[in-house]
There are 2 protein chains.
Amino acid sequence: MSRLDSFIRRLEAQRSVLNWAADFVADKDGLILELGLGNGRTYDHLRERLPGRAIHVFERSPSPNPRSMPPQHLLIVGEMEQTLPAFAARHGAAASLIHVDVTTGVPTRDRVAFAWLPEQVAALARPGALIVSGWPLDDPAFEAVPLPIDIPEERYFAYRRHGAG
Amino acid sequence: MSRLDSFIRRLEAQRSVLNWAADFVADKDGLILELGLGNGRTYDHLRERLPGRAIHVFERSPSPNPRSMPPQHLLIVGEMEQTLPAFAARHGAAASLIHVDVTTGVPTRDRVAFAWLPEQVAALARPGALIVSGWPLDDPAFEAVPLPIDIPEERYFAYRRHGAG
């Protein structure tokens, strides 16, 4: 499998996970949080699958494709180590879907580099919320959830926040 | 269609075109030229589909994924406006497949920014050679060739160099 094949598979897996997550959250109240904007492709996808829903986007330094720039009132710019707790202090555990799309660019490093992140994500998630991530999130508040069948293992991870949904 | 959908389609189209081009050239002599390395994904794909074939890669400033760095003797570093004529002077019209993967990042600008390129490509192509490109190449030496049926229009362009193949 060439790196082009592998890249296409990774993007297809990402799309499948996002579609599945969007279906899960479609009939539930709660905020949707996108942690990491990057080029804006996954944000654009979530936005298209969940029209009318407020999707808050956290990004240290936003530079997406101009067509995928979130509206200013939904874009939280800054280091997530600060902006996530500040958001939690204001909104509480209000999210029904959180997509963790932050990466150092080196997947094996993410779990260490973002060791502080799972706890912050847990503080933002409503009981029963779905959390999807490109790398494993370890927190006592999370229970692993099986992914859709067409997702290659270890490409994506899904969790449910403990408590009634 | 979200930008994620569109991106996946574009990569799938690219892969289809490369597979089709690799099948075309598999039983033909001649060099294979990759104009533009970038991340190295399409180079990696061609290399995998055409094992044992020498693929020369032209790139102004190579910074691919380390797994896709071409061997030094097949990597021609520098401005293509200079390196392509120098290569043609040395090897003549020796290529049976040329993949034009250079872009300014703004597709509508490429045709103007690289107005000098089609003539250089023509000088490198054997009669009957296949040239595939992400944008239209205008040169009297080229004849447009229909693409495989699964390629959306205007995503890729294919040409045959005039003369016996």
# chains A, B, ... in the order shown; residues from 1 in each chain; ligands from 1

$ closest_atom_pairs --of "chain B" --to "chain A" --cutoff "7 Å" --atoms "only C-alpha atoms" --output "JSON lines"
{"residue": "B:Ser2", "atom": "CA", "partner": "A:His45", "partner_atom": "CA", "distance": 5.0}
{"residue": "B:Arg3", "atom": "CA", "partner": "A:Arg41", "partner_atom": "CA", "distance": 5.3}
{"residue": "B:Leu4", "atom": "CA", "partner": "A:Arg41", "partner_atom": "CA", "distance": 4.9}
{"residue": "B:Ile8", "atom": "CA", "partner": "A:Ile8", "partner_atom": "CA", "distance": 6.5}
{"residue": "B:Leu11", "atom": "CA", "partner": "A:Ile8", "partner_atom": "CA", "distance": 6.8}
{"residue": "B:Arg41", "atom": "CA", "partner": "A:Leu4", "partner_atom": "CA", "distance": 4.9}
{"residue": "B:Thr42", "atom": "CA", "partner": "A:Leu4", "partner_atom": "CA", "distance": 6.2}
{"residue": "B:Asp44", "atom": "CA", "partner": "A:Ser2", "partner_atom": "CA", "distance": 6.0}
{"residue": "B:His45", "atom": "CA", "partner": "A:Ser2", "partner_atom": "CA", "distance": 5.0}
{"residue": "B:Glu48", "atom": "CA", "partner": "A:Ser2", "partner_atom": "CA", "distance": 6.4}

$ write_last_selection --atoms "N, CA and C atoms" --output "PDB file, in the first residue's frame"
ATOM      1  N   SER B   2     -18.812  18.368   1.267  1.00  0.00           N
ATOM      2  CA  SER B   2     -17.913  19.130   2.143  1.00  0.00           C
ATOM      3  C   SER B   2     -16.514  19.201   1.532  1.00  0.00           C
ATOM      4  N   ARG B   3     -15.684  20.025   2.099  1.00  0.00           N
ATOM      5  CA  ARG B   3     -14.304  20.109   1.621  1.00  0.00           C
ATOM      6  C   ARG B   3     -13.555  18.806   1.890  1.00  0.00           C
ATOM      7  N   LEU B   4     -13.950  18.090   2.933  1.00  0.00           N
ATOM      8  CA  LEU B   4     -13.337  16.775   3.182  1.00  0.00           C
ATOM      9  C   LEU B   4     -13.719  15.799   2.068  1.00  0.00           C
ATOM     10  N   ILE B   8     -11.080  14.104  -0.646  1.00  0.00           N
ATOM     11  CA  ILE B   8     -10.977  12.650  -0.869  1.00  0.00           C
ATOM     12  C   ILE B   8     -11.197  12.330  -2.343  1.00  0.00           C
ATOM     13  N   LEU B  11      -8.065  13.154  -4.339  1.00  0.00           N
ATOM     14  CA  LEU B  11      -6.990  12.179  -4.157  1.00  0.00           C
ATOM     15  C   LEU B  11      -7.311  10.861  -4.863  1.00  0.00           C
ATOM     16  N   ARG B  41       3.810  11.680  -1.813  1.00  0.00           N
ATOM     17  CA  ARG B  41       2.803  10.611  -1.874  1.00  0.00           C
ATOM     18  C   ARG B  41       2.615  10.065  -3.282  1.00  0.00           C
ATOM     19  N   THR B  42       2.551  10.956  -4.287  1.00  0.00           N
ATOM     20  CA  THR B  42       2.333  10.437  -5.641  1.00  0.00           C
ATOM     21  C   THR B  42       3.603   9.763  -6.154  1.00  0.00           C
ATOM     22  N   ASP B  44       5.651   8.102  -4.274  1.00  0.00           N
ATOM     23  CA  ASP B  44       5.614   6.805  -3.610  1.00  0.00           C
ATOM     24  C   ASP B  44       4.658   5.854  -4.327  1.00  0.00           C
ATOM     25  N   HIS B  45       3.541   6.398  -4.782  1.00  0.00           N
ATOM     26  CA  HIS B  45       2.549   5.565  -5.463  1.00  0.00           C
ATOM     27  C   HIS B  45       3.101   5.059  -6.803  1.00  0.00           C
ATOM     28  N   GLU B  48       5.664   2.420  -6.297  1.00  0.00           N
ATOM     29  CA  GLU B  48       5.104   1.122  -5.911  1.00  0.00           C
ATOM     30  C   GLU B  48       4.453   0.421  -7.095  1.00  0.00           C
TER      31      GLU B  48
END

$ select_by_dssp --residues "chain A" --states "strand (DSSP E)" --output "PyMOL selection string"
chain A and resi 31-35+55-59+75-77+95-100+125-133+142-144+157-161

$ select_by_dssp --residues "chain B" --states "alpha helix (DSSP H)" --output "PyMOL selection string"
chain B and resi 3-25+41-49+80-91+107-113+117-124

$ residues_around --residues "Leu137 (chain A)" --least-positions-apart "2" --cutoff "8 Å" --atoms "only C-alpha atoms" --output "PyMOL selection string"
chain A and resi 111+118+133+135+139+157

$ closest_residue --among "B:Gly163, B:Pro85, B:Pro140, B:Gly52" --to "Leu31 (chain B)" --atoms "only C-alpha atoms"
B:Gly52

$ residues_around --residues "region 143-154 of chain A" --least-positions-apart "6" --cutoff "8 Å" --atoms "only C-alpha atoms" --output "ChimeraX atom specification"
/A:13,16-17,20,135,160-162

$ closest_residue --among "A:Arg155, A:Pro51, A:Arg126, A:His91" --to "Thr108 (chain A)" --atoms "only C-alpha atoms"
A:Arg155

$ residues_around --residues "Leu124 (chain A)" --least-positions-apart "2" --cutoff "10 Å" --atoms "only C-alpha atoms" --output "list in words"
Leu31, Leu33, Leu84, Pro85, Phe87, Ala88, Ala89, His91, Gly92, Ala93, Ala94, Ala95, Ser96, Leu97, Ile98, Pro118, Glu119, Gln120, Val121, Ala122, Arg126, Pro127, Ala129 and Arg161 of chain A
